[in-house]
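Taking it in order: structure first as structure tokens, then the write-up.
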Amino acid sequence: MFIAFLPLLYIEEKLNKNSLLFVFILSLVSFSIWNSVTTWWLHYAKKRNGSIVLIAYLFPVCLNSFMMSFVFTLFSCIKRMAKNRNIGYICLVCLWILFEKLHLEWELSWPWLNLGNGFSNRVEWIQWYEYTGTLGGTLWIWLVNIGFLKTILKYQKEKNHFILYNNILINLAKIFLMICLSSILYIQYGVKKYKNSVDMLILQPNIDPYHQKYHYTTQRLIYEFQRLMDKKISKNKSMIVVAPETAFPGYGYKISINEINKNRMICLFKRYLKKKSPKTIFITGIELFAFAYKKGQEKYGRNKFPISFFISECMDSIEWINIFNSVIQIGAYQKKVYYHHKSKLVPAVEIFPYKDFFSSIFGDDLMLDFGGGVIELGKDNNISVFQHPYLKMKIAPIICYESVFGEYVSKFFRKNAGLMVIITNDGWWGKSQGHKQHLYYARLRAIENRKCIARSANTGVSCFINERGDILSMFPYGKKGFLYRKISVNNIKTFYTKHGDYIYIISFLIEIIIISYAITYYIFRKIKIQIF
């Protein structure tokens, strides 16, 4: 990553001023190769009949490659307008950071290849993410790439070997200085002890998402989970048990939010916990729904579904139904069932991005069918933090794709959450790099907020992660079983937790100044040429 952009930057520098189209084409080829190779596993997505959904692979690859090429070409244009190399490179760094922030916020979100994510399996190098988040990693990569480029250009101009070696050492120092700083923080958190801890039990049922998930009855699912819990649950301990994303209610029906406290499945689990472990809470993924009525109470979203999905006594007053990918907390003596709806939805799988625009181009078939029905999910942008009734600790419940969004996750810890629970289902792409990359990204969230993570994945990999991003123990992909461990809890609020992606705000302000300067300089230069 520290030299990956050098060829592209070097060729852009050597092209003449009228070659912006060539810059775009060349960068498009480069970024298409990068996107295709790094996210090739997306092509494993299948329809319920087993056929491959190529659009699930081609659309993000093509769109992301185009956007990256547009950003690079825009940088080249502004650099030529300003007639200043340094201003141009500052512009590139800021533009790229703004592009990555866009991917974290809009409905076509695909922040998977944000550059700072690239160190997710080198956590010893990036402990300083607790101050900058992943955008700090993006800044680091670009500064080193640009530094090496300027070294090459300076050597070609002056042919001075001393300057060449000196500048190479300076750029290497940019790398190793940050790694040394990270190592100090890594050691510091290795010896730090926290007063509070909790016993965690993670369940991994290993239910095939294509052929089993939507054919299991609720009764069978309950039996499978209770059988796993029986092996480790203790009557005398206050524990947290975690099951994966959309584990319930199984095939046949969904659970109404209005009736959630009286639901039969919920009551069965409450009775089970009273008998086996009264002070334990059970956190699991679930599919919920809520009716929106004609009086105008569209509380959660704008999603409209056929009412024939469900049976209701008040059909005449219902206008549409909102369906949610949610996580709930069940306690033996907990009167209220806490829930959190997934807010960061997967484009074309859980949300139809910019529906009015794209439906006119692609029709209504942009939503992908992975076996559970083709529906657009609702979302609730409010942050819901769970609380253990006996241990008096708060828990951040994160659902699948949400774990890729740094600033979003940090909002839970601004509400004093002391640990993180991630529930996910990574079985859609088989035993490929997809589930591994998703696992590694969770490590970044641990570093940014200095919180332990309990990660429950349907097919794997389930694991425990500490405040340094180390994977303490893990259960392999494609196996059924459980993990048990005592993990620490803390109420630390890191700089990143408090301030989020502040780097993009700085980049935005700098970019406004650079663009204003470039346009002004370009106009005055044109006027001057016409006069003289």
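Chains: A, B, ... in order of the structure tokens. Residues: from 1 per chain. Ligands: from 1, in order shown.
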*What's the 9 Å shell around Phe99 (chain A), counting only C-alpha atoms, without same-chain residues fewer than 3 positions away, as a ChimeraX atom specification?*
/A:67-68,71,94-96,102-104
*Got a sec: who's within 12 Å of region 331-335 of chain A, counting only C-alpha atoms, leaving out chain neighbours fewer than 2 positions off, as a ChimeraX atom specification?*
/A:235,238-241,260-262,266-284,328-329,337-338,386-390
Output for the residues just chosen: N, CA and C atoms as an mmCIF file, in the first residue's frame:
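Resulting contents of part_38.cif:
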data_model
loop_
_atom_site.group_PDB
_atom_site.id
_atom_site.type_symbol
_atom_site.label_atom_id
_atom_site.label_comp_id
_atom_site.auth_asym_id
_atom_site.auth_seq_id
_atom_site.Cartn_x
_atom_site.Cartn_y
_atom_site.Cartn_z
ATOM 1 N N LYS A 235 -25.968 -21.618 36.578
ATOM 2 C CA LYS A 235 -27.072 -21.048 37.358
ATOM 3 C C LYS A 235 -26.592 -19.963 38.314
ATOM 4 N N SER A 238 -23.681 -14.477 36.466
ATOM 5 C CA SER A 238 -24.313 -13.477 35.613
ATOM 6 C C SER A 238 -23.556 -13.467 34.297
ATOM 7 N N MET A 239 -24.190 -13.912 33.237
ATOM 8 C CA MET A 239 -23.509 -14.081 31.960
ATOM 9 C C MET A 239 -24.209 -13.293 30.854
ATOM 10 N N ILE A 240 -23.528 -13.219 29.729
ATOM 11 C CA ILE A 240 -24.133 -12.709 28.500
ATOM 12 C C ILE A 240 -23.961 -13.794 27.443
ATOM 13 N N VAL A 241 -25.081 -14.259 26.875
ATOM 14 C CA VAL A 241 -25.056 -15.254 25.808
ATOM 15 C C VAL A 241 -25.414 -14.543 24.505
ATOM 16 N N ILE A 260 -43.964 -7.879 21.092
ATOM 17 C CA ILE A 260 -42.702 -8.569 21.352
ATOM 18 C C ILE A 260 -42.601 -9.085 22.787
ATOM 19 N N ASN A 261 -43.130 -8.346 23.740
ATOM 20 C CA ASN A 261 -43.021 -8.771 25.144
ATOM 21 C C ASN A 261 -43.918 -9.963 25.467
ATOM 22 N N LYS A 262 -44.927 -10.216 24.625
ATOM 23 C CA LYS A 262 -45.843 -11.333 24.852
ATOM 24 C C LYS A 262 -45.576 -12.506 23.903
ATOM 25 N N ILE A 266 -40.180 -15.524 22.858
ATOM 26 C CA ILE A 266 -39.539 -14.738 23.914
ATOM 27 C C ILE A 266 -39.846 -15.329 25.285
ATOM 28 N N CYS A 267 -41.107 -15.699 25.480
ATOM 29 C CA CYS A 267 -41.528 -16.279 26.773
ATOM 30 C C CYS A 267 -40.839 -17.614 27.042
ATOM 31 N N LEU A 268 -40.635 -18.408 25.994
ATOM 32 C CA LEU A 268 -39.937 -19.689 26.150
ATOM 33 C C LEU A 268 -38.502 -19.476 26.616
ATOM 34 N N PHE A 269 -37.853 -18.476 26.056
ATOM 35 C CA PHE A 269 -36.478 -18.188 26.459
ATOM 36 C C PHE A 269 -36.414 -17.627 27.872
ATOM 37 N N LYS A 270 -37.393 -16.820 28.237
ATOM 38 C CA LYS A 270 -37.428 -16.297 29.604
ATOM 39 C C LYS A 270 -37.574 -17.434 30.622
ATOM 40 N N ARG A 271 -38.466 -18.391 30.326
ATOM 41 C CA ARG A 271 -38.649 -19.530 31.227
ATOM 42 C C ARG A 271 -37.380 -20.380 31.297
ATOM 43 N N TYR A 272 -36.721 -20.532 30.145
ATOM 44 C CA TYR A 272 -35.472 -21.304 30.105
ATOM 45 C C TYR A 272 -34.405 -20.646 30.980
ATOM 46 N N LEU A 273 -34.271 -19.314 30.865
ATOM 47 C CA LEU A 273 -33.263 -18.592 31.654
ATOM 48 C C LEU A 273 -33.590 -18.622 33.145
ATOM 49 N N LYS A 274 -34.869 -18.524 33.504
ATOM 50 C CA LYS A 274 -35.269 -18.598 34.922
ATOM 51 C C LYS A 274 -34.841 -19.922 35.537
ATOM 52 N N LYS A 275 -34.952 -20.967 34.748
ATOM 53 C CA LYS A 275 -34.630 -22.304 35.236
ATOM 54 C C LYS A 275 -33.124 -22.560 35.255
ATOM 55 N N LYS A 276 -32.421 -22.125 34.202
ATOM 56 C CA LYS A 276 -31.007 -22.481 34.038
ATOM 57 C C LYS A 276 -30.030 -21.441 34.583
ATOM 58 N N SER A 277 -30.334 -20.150 34.379
ATOM 59 C CA SER A 277 -29.404 -19.097 34.790
ATOM 60 C C SER A 277 -30.145 -17.766 34.884
ATOM 61 N N PRO A 278 -30.780 -17.489 36.033
ATOM 62 C CA PRO A 278 -31.668 -16.325 36.174
ATOM 63 C C PRO A 278 -30.993 -14.973 35.953
ATOM 64 N N LYS A 279 -29.691 -14.909 36.189
ATOM 65 C CA LYS A 279 -28.994 -13.624 36.058
ATOM 66 C C LYS A 279 -28.290 -13.467 34.709
ATOM 67 N N THR A 280 -28.613 -14.328 33.769
ATOM 68 C CA THR A 280 -28.006 -14.287 32.434
ATOM 69 C C THR A 280 -28.941 -13.578 31.458
ATOM 70 N N ILE A 281 -28.365 -12.839 30.522
ATOM 71 C CA ILE A 281 -29.151 -12.237 29.446
ATOM 72 C C ILE A 281 -28.767 -12.899 28.124
ATOM 73 N N PHE A 282 -29.743 -12.947 27.226
ATOM 74 C CA PHE A 282 -29.561 -13.584 25.925
ATOM 75 C C PHE A 282 -29.729 -12.523 24.846
ATOM 76 N N ILE A 283 -28.686 -12.316 24.032
ATOM 77 C CA ILE A 283 -28.713 -11.337 22.947
ATOM 78 C C ILE A 283 -28.682 -12.099 21.627
ATOM 79 N N THR A 284 -29.648 -11.832 20.772
ATOM 80 C CA THR A 284 -29.737 -12.579 19.518
ATOM 81 C C THR A 284 -30.277 -11.724 18.388
ATOM 82 N N ILE A 328 -32.109 -8.280 19.756
ATOM 83 C CA ILE A 328 -32.880 -8.097 20.982
ATOM 84 C C ILE A 328 -32.113 -8.635 22.181
ATOM 85 N N GLN A 329 -32.492 -8.135 23.355
ATOM 86 C CA GLN A 329 -31.936 -8.626 24.621
ATOM 87 C C GLN A 329 -33.072 -9.198 25.456
ATOM 88 N N VAL A 337 -38.356 -6.128 26.598
ATOM 89 C CA VAL A 337 -37.366 -6.672 25.673
ATOM 90 C C VAL A 337 -36.741 -5.508 24.908
ATOM 91 N N TYR A 338 -35.438 -5.311 25.093
ATOM 92 C CA TYR A 338 -34.739 -4.230 24.395
ATOM 93 C C TYR A 338 -34.424 -4.667 22.970
ATOM 94 N N PHE A 386 -27.854 -1.519 25.006
ATOM 95 C CA PHE A 386 -28.420 -2.479 25.951
ATOM 96 C C PHE A 386 -27.743 -2.343 27.316
ATOM 97 N N GLN A 387 -28.412 -2.825 28.353
ATOM 98 C CA GLN A 387 -27.846 -2.783 29.708
ATOM 99 C C GLN A 387 -28.121 -4.096 30.429
ATOM 100 N N HIS A 388 -27.059 -4.653 31.029
ATOM 101 C CA HIS A 388 -27.221 -5.865 31.824
ATOM 102 C C HIS A 388 -27.873 -5.491 33.158
ATOM 103 N N PRO A 389 -29.018 -6.076 33.510
ATOM 104 C CA PRO A 389 -29.755 -5.651 34.707
ATOM 105 C C PRO A 389 -29.049 -5.966 36.028
ATOM 106 N N TYR A 390 -28.132 -6.908 36.024
ATOM 107 C CA TYR A 390 -27.474 -7.305 37.281
ATOM 108 C C TYR A 390 -26.037 -6.788 37.372
#
*Apply DSSP to the structure's backbone, then extract all residues of region 16-200 of chain A labelled alpha helix (DSSP H) and return them as a ChimeraX atom specification.*
/A:20-38,55-82,85-105,129-132,134-158,161-191
Produce a file of the selected residues containing C-alpha atoms, as a compact mmCIF listing (two decimals), in the first residue's frame.
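Saved result, selection19.txt, follows:
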# COMPACT_ATOMS: atom_id res chain seq x y z
CA LEU A 20 -7.15 14.24 -18.78
CA LEU A 21 -9.12 11.64 -20.74
CA PHE A 22 -6.08 9.37 -20.77
CA VAL A 23 -5.61 9.94 -17.03
CA PHE A 24 -9.20 8.82 -16.48
CA ILE A 25 -8.90 5.73 -18.70
CA LEU A 26 -5.59 4.67 -17.17
CA SER A 27 -6.83 5.13 -13.61
CA LEU A 28 -10.08 3.32 -14.45
CA VAL A 29 -8.14 0.28 -15.66
CA SER A 30 -5.92 0.39 -12.54
CA PHE A 31 -8.76 0.73 -10.04
CA SER A 32 -10.88 -1.88 -11.85
CA ILE A 33 -8.07 -4.42 -11.44
CA TRP A 34 -7.71 -3.52 -7.75
CA ASN A 35 -11.45 -3.72 -7.02
CA SER A 36 -11.89 -6.94 -9.00
CA VAL A 37 -9.04 -8.75 -7.27
CA THR A 38 -9.74 -7.65 -3.69
CA ILE A 55 -24.60 -7.96 -10.52
CA ALA A 56 -23.72 -8.42 -6.82
CA TYR A 57 -20.09 -8.51 -7.97
CA LEU A 58 -20.04 -6.29 -11.04
CA PHE A 59 -22.05 -3.35 -9.71
CA PRO A 60 -19.84 -2.48 -6.68
CA VAL A 61 -16.65 -3.16 -8.67
CA CYS A 62 -17.68 -0.96 -11.60
CA LEU A 63 -19.19 1.84 -9.51
CA ASN A 64 -16.30 2.01 -7.06
CA SER A 65 -13.69 1.89 -9.84
CA PHE A 66 -15.45 4.70 -11.69
CA MET A 67 -15.66 6.87 -8.57
CA MET A 68 -11.99 6.33 -7.71
CA SER A 69 -11.03 7.23 -11.28
CA PHE A 70 -13.18 10.35 -11.15
CA VAL A 71 -11.48 11.47 -7.91
CA PHE A 72 -8.03 10.87 -9.40
CA THR A 73 -8.88 12.72 -12.63
CA LEU A 74 -10.36 15.64 -10.69
CA PHE A 75 -7.11 15.90 -8.71
CA SER A 76 -5.14 15.96 -11.97
CA CYS A 77 -7.38 18.71 -13.36
CA ILE A 78 -7.04 20.90 -10.24
CA LYS A 79 -3.27 20.37 -10.11
CA ARG A 80 -2.94 21.60 -13.69
CA MET A 81 -5.20 24.56 -13.06
CA ALA A 82 -3.16 25.62 -10.00
CA ARG A 85 2.54 20.22 -7.73
CA ASN A 86 2.37 20.47 -3.93
CA ILE A 87 -1.09 22.03 -3.97
CA GLY A 88 -2.20 19.30 -6.34
CA TYR A 89 -1.06 16.50 -4.05
CA ILE A 90 -2.68 18.09 -0.99
CA CYS A 91 -5.84 18.27 -3.10
CA LEU A 92 -5.57 14.55 -3.93
CA VAL A 93 -5.26 13.51 -0.27
CA CYS A 94 -8.24 15.65 0.77
CA LEU A 95 -10.38 14.51 -2.17
CA TRP A 96 -9.69 10.86 -1.38
CA ILE A 97 -10.58 11.29 2.28
CA LEU A 98 -13.84 13.01 1.28
CA PHE A 99 -14.58 10.17 -1.15
CA GLU A 100 -14.08 7.60 1.61
CA LYS A 101 -16.30 9.57 3.97
CA LEU A 102 -19.01 9.66 1.29
CA HIS A 103 -18.91 5.85 1.19
CA LEU A 104 -19.52 5.81 4.94
CA GLU A 105 -22.63 8.00 4.73
CA TYR A 129 -6.31 4.67 15.25
CA GLU A 130 -7.76 5.48 18.67
CA TYR A 131 -6.94 9.10 17.74
CA THR A 132 -7.60 9.17 13.97
CA THR A 134 -9.23 4.58 9.59
CA LEU A 135 -9.05 7.94 7.79
CA GLY A 136 -5.72 8.40 9.57
CA GLY A 137 -4.51 5.25 7.83
CA THR A 138 -5.65 6.64 4.47
CA LEU A 139 -3.71 9.85 5.14
CA TRP A 140 -0.62 7.82 6.10
CA ILE A 141 -0.69 5.76 2.88
CA TRP A 142 -1.05 8.80 0.61
CA LEU A 143 1.67 10.81 2.35
CA VAL A 144 4.18 7.96 1.93
CA ASN A 145 3.22 7.31 -1.72
CA ILE A 146 3.50 11.01 -2.58
CA GLY A 147 6.77 11.27 -0.64
CA PHE A 148 8.34 8.46 -2.68
CA LEU A 149 7.07 10.01 -5.92
CA LYS A 150 8.64 13.39 -5.11
CA THR A 151 11.89 11.58 -4.28
CA ILE A 152 11.94 9.95 -7.74
CA LEU A 153 11.11 13.22 -9.52
CA LYS A 154 13.77 15.14 -7.60
CA TYR A 155 16.42 12.54 -8.39
CA GLN A 156 15.53 12.61 -12.10
CA LYS A 157 15.96 16.37 -12.08
CA GLU A 158 19.17 16.70 -10.00
CA HIS A 161 22.52 10.13 -5.12
CA PHE A 162 22.91 11.66 -1.66
CA ILE A 163 19.56 13.46 -1.95
CA LEU A 164 17.98 10.27 -3.30
CA TYR A 165 19.08 8.11 -0.36
CA ASN A 166 18.31 10.86 2.14
CA ASN A 167 14.73 11.27 0.86
CA ILE A 168 14.19 7.50 0.78
CA LEU A 169 15.23 7.33 4.44
CA ILE A 170 12.86 10.21 5.29
CA ASN A 171 9.93 8.37 3.68
CA LEU A 172 10.85 5.11 5.39
CA ALA A 173 10.94 7.09 8.65
CA LYS A 174 7.31 8.14 8.04
CA ILE A 175 6.43 4.44 8.07
CA PHE A 176 8.56 3.25 10.97
CA LEU A 177 7.88 6.26 13.20
CA MET A 178 4.15 5.50 13.18
CA ILE A 179 4.83 1.79 13.72
CA CYS A 180 7.06 2.61 16.72
CA LEU A 181 4.42 4.91 18.19
CA SER A 182 1.86 2.14 17.68
CA SER A 183 4.12 -0.39 19.37
CA ILE A 184 4.36 1.80 22.48
CA LEU A 185 0.55 2.03 22.67
CA TYR A 186 0.26 -1.71 22.02
CA ILE A 187 2.54 -2.52 24.95
CA GLN A 188 0.77 0.03 27.16
CA TYR A 189 -2.65 -1.59 26.62
CA GLY A 190 -1.09 -5.02 27.07
CA VAL A 191 -0.30 -4.30 30.74
_Need to verify the contact set: Glu376 (chain A), 7 Å, only C-alpha atoms, exclusion of same-chain residues closer than 2 positions in sequence. Can you return it as a ChimeraX atom specification?_
/A:303,350-352,378
*Nearest to Tyr210 (chain A) among A:Lys46, A:Arg264, A:Lys193, A:Lys83, with distances taken over only C-alpha atoms: which residue is it?*
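Distance minimum relative to Tyr210 (chain A) lands on A:Lys46.
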Using only C-alpha atoms, determine which residues lie at most 8 Å from region 441-452 of chain A, disregarding the query and same-chain residues fewer than 2 positions distant; provide the list as a PDB file with C-alpha atoms, in the first residue's frame.
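New file selection.pdb:
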ATOM      1  CA  ASN A 117      -8.980  -0.767   6.364  1.00  0.00           C
ATOM      2  CA  SER A 120      -6.874  -4.537   9.702  1.00  0.00           C
ATOM      3  CA  VAL A 123      -3.076  -4.217  14.341  1.00  0.00           C
ATOM      4  CA  GLN A 127      -2.823   1.424  17.614  1.00  0.00           C
ATOM      5  CA  TYR A 129      -6.306   4.673  15.250  1.00  0.00           C
ATOM      6  CA  GLU A 130      -7.763   5.480  18.674  1.00  0.00           C
ATOM      7  CA  TYR A 131      -6.944   9.097  17.742  1.00  0.00           C
ATOM      8  CA  THR A 132      -7.596   9.171  13.969  1.00  0.00           C
ATOM      9  CA  GLY A 133      -9.784   6.229  12.975  1.00  0.00           C
ATOM     10  CA  THR A 134      -9.235   4.578   9.586  1.00  0.00           C
ATOM     11  CA  SER A 403     -19.194  -3.072  12.074  1.00  0.00           C
ATOM     12  CA  VAL A 404     -17.499  -1.571   8.988  1.00  0.00           C
ATOM     13  CA  GLY A 406     -16.146   3.481  12.470  1.00  0.00           C
ATOM     14  CA  VAL A 409     -19.977   2.385  16.035  1.00  0.00           C
ATOM     15  CA  SER A 410     -18.317   5.041  18.210  1.00  0.00           C
ATOM     16  CA  PHE A 413     -19.698   4.321  23.260  1.00  0.00           C
ATOM     17  CA  GLY A 418     -18.525  -0.763  28.041  1.00  0.00           C
ATOM     18  CA  LEU A 419     -18.163  -3.567  25.499  1.00  0.00           C
ATOM     19  CA  MET A 420     -19.252  -4.469  21.988  1.00  0.00           C
ATOM     20  CA  GLN A 437     -12.043  -9.487   5.729  1.00  0.00           C
ATOM     21  CA  HIS A 438     -15.239  -8.794   7.668  1.00  0.00           C
ATOM     22  CA  LEU A 439     -13.709 -10.376  10.772  1.00  0.00           C
ATOM     23  CA  ALA A 454     -17.722 -10.676  21.414  1.00  0.00           C
ATOM     24  CA  PHE A 464     -13.315 -12.669  21.204  1.00  0.00           C
ATOM     25  CA  ILE A 465     -11.243  -9.550  20.468  1.00  0.00           C
ATOM     26  CA  ASN A 466      -9.483  -7.411  23.084  1.00  0.00           C
ATOM     27  CA  GLU A 467      -8.904  -3.636  23.289  1.00  0.00           C
ATOM     28  CA  ARG A 468      -5.727  -3.911  21.165  1.00  0.00           C
ATOM     29  CA  GLY A 469      -7.495  -5.707  18.331  1.00  0.00           C
ATOM     30  CA  ASP A 470      -5.934  -9.082  19.191  1.00  0.00           C
ATOM     31  CA  ILE A 471      -8.108 -12.126  18.511  1.00  0.00           C
ATOM     32  CA  ILE A 487     -13.634 -10.387  28.947  1.00  0.00           C
ATOM     33  CA  SER A 488     -12.955  -6.948  30.389  1.00  0.00           C
ATOM     34  CA  VAL A 489     -15.360  -4.009  30.395  1.00  0.00           C
ATOM     35  CA  ASN A 490     -14.375  -0.337  30.541  1.00  0.00           C
ATOM     36  CA  ILE A 492     -12.918   4.713  28.407  1.00  0.00           C
ATOM     37  CA  LYS A 493     -13.806   7.273  25.754  1.00  0.00           C
ATOM     38  CA  THR A 494     -10.937   7.592  23.291  1.00  0.00           C
ATOM     39  CA  TYR A 496     -11.835   9.009  18.263  1.00  0.00           C
ATOM     40  CA  THR A 497     -14.890   7.969  20.294  1.00  0.00           C
TER      41      THR A 497
END
_Counting only C-alpha atoms, the option among A:Phe475, A:Trp41, A:Tyr401, A:Phe291 closest to Asn425 (chain A)_ =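 The answer is A:Tyr401, which sits nearest to Asn425 (chain A).
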*asked:* So, with only C-alpha atoms as the atoms that count, which of A:Arg414, A:Ile519, A:Pro111, A:Ile531 lies closest to Glu402 (chain A)?
replied: A:Pro111
*Find the distance between CA of Lys411 (chain A) and CA of His499 (chain A) and write it in Å to one decimal.*
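Answer for the CA of Lys411 (chain A) to CA of His499 (chain A) separation: 9.7 Å.
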*Between A:Tyr194, A:Tyr517, A:Tyr484, A:Trp429, which one has atoms that come closest to Val242 (chain A), using only C-alpha atoms?*
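Smallest separation from Val242 (chain A) among the options: A:Tyr484.
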_I want to know what sits within 7 Å of Lys254 (chain A), based on only C-alpha atoms, with residues of the same chain fewer than 3 positions away left out; could you give that as a PyMOL selection string?_
chain A and resi 249+287-289
*Go through A:Ile257, A:Ser343, A:Asn322, A:Gln204 and flag the residue nearest Gly478 (chain A), using only C-alpha atoms for the distances.*
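Of the candidates, the smallest distance to Gly478 (chain A) is held by A:Gln204.
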Just want the 8 Å neighbourhood of His435 (chain A), counted on only C-alpha atoms, with same-chain residues fewer than 5 positions away dropped. Output as a PDB file with C-alpha atoms, in the first residue's frame.
ATOM      1  CA  ASP A 426     -21.096 -14.342   6.779  1.00  0.00           C
ATOM      2  CA  GLY A 427     -22.211 -17.555   5.101  1.00  0.00           C
ATOM      3  CA  TRP A 429     -20.090 -15.947   0.227  1.00  0.00           C
ATOM      4  CA  GLY A 460     -18.085 -18.359  11.524  1.00  0.00           C
ATOM      5  CA  VAL A 461     -15.748 -16.920  12.402  1.00  0.00           C
TER       6      VAL A 461
END
*Kindly give the distance, in Å, that separates CA of His215 (chain A) and CA of Phe248 (chain A), rounded to a single decimal.*
11.6 Å
*asked:* Show me, as a PyMOL selection string, the residues that have an atom within 12 Å of Tyr223 (chain A) when counting only C-alpha atoms, minus same-chain residues fewer than 3 positions from it.
replied: chain A and resi 205+216-220+226-230+248+265+268-269+272
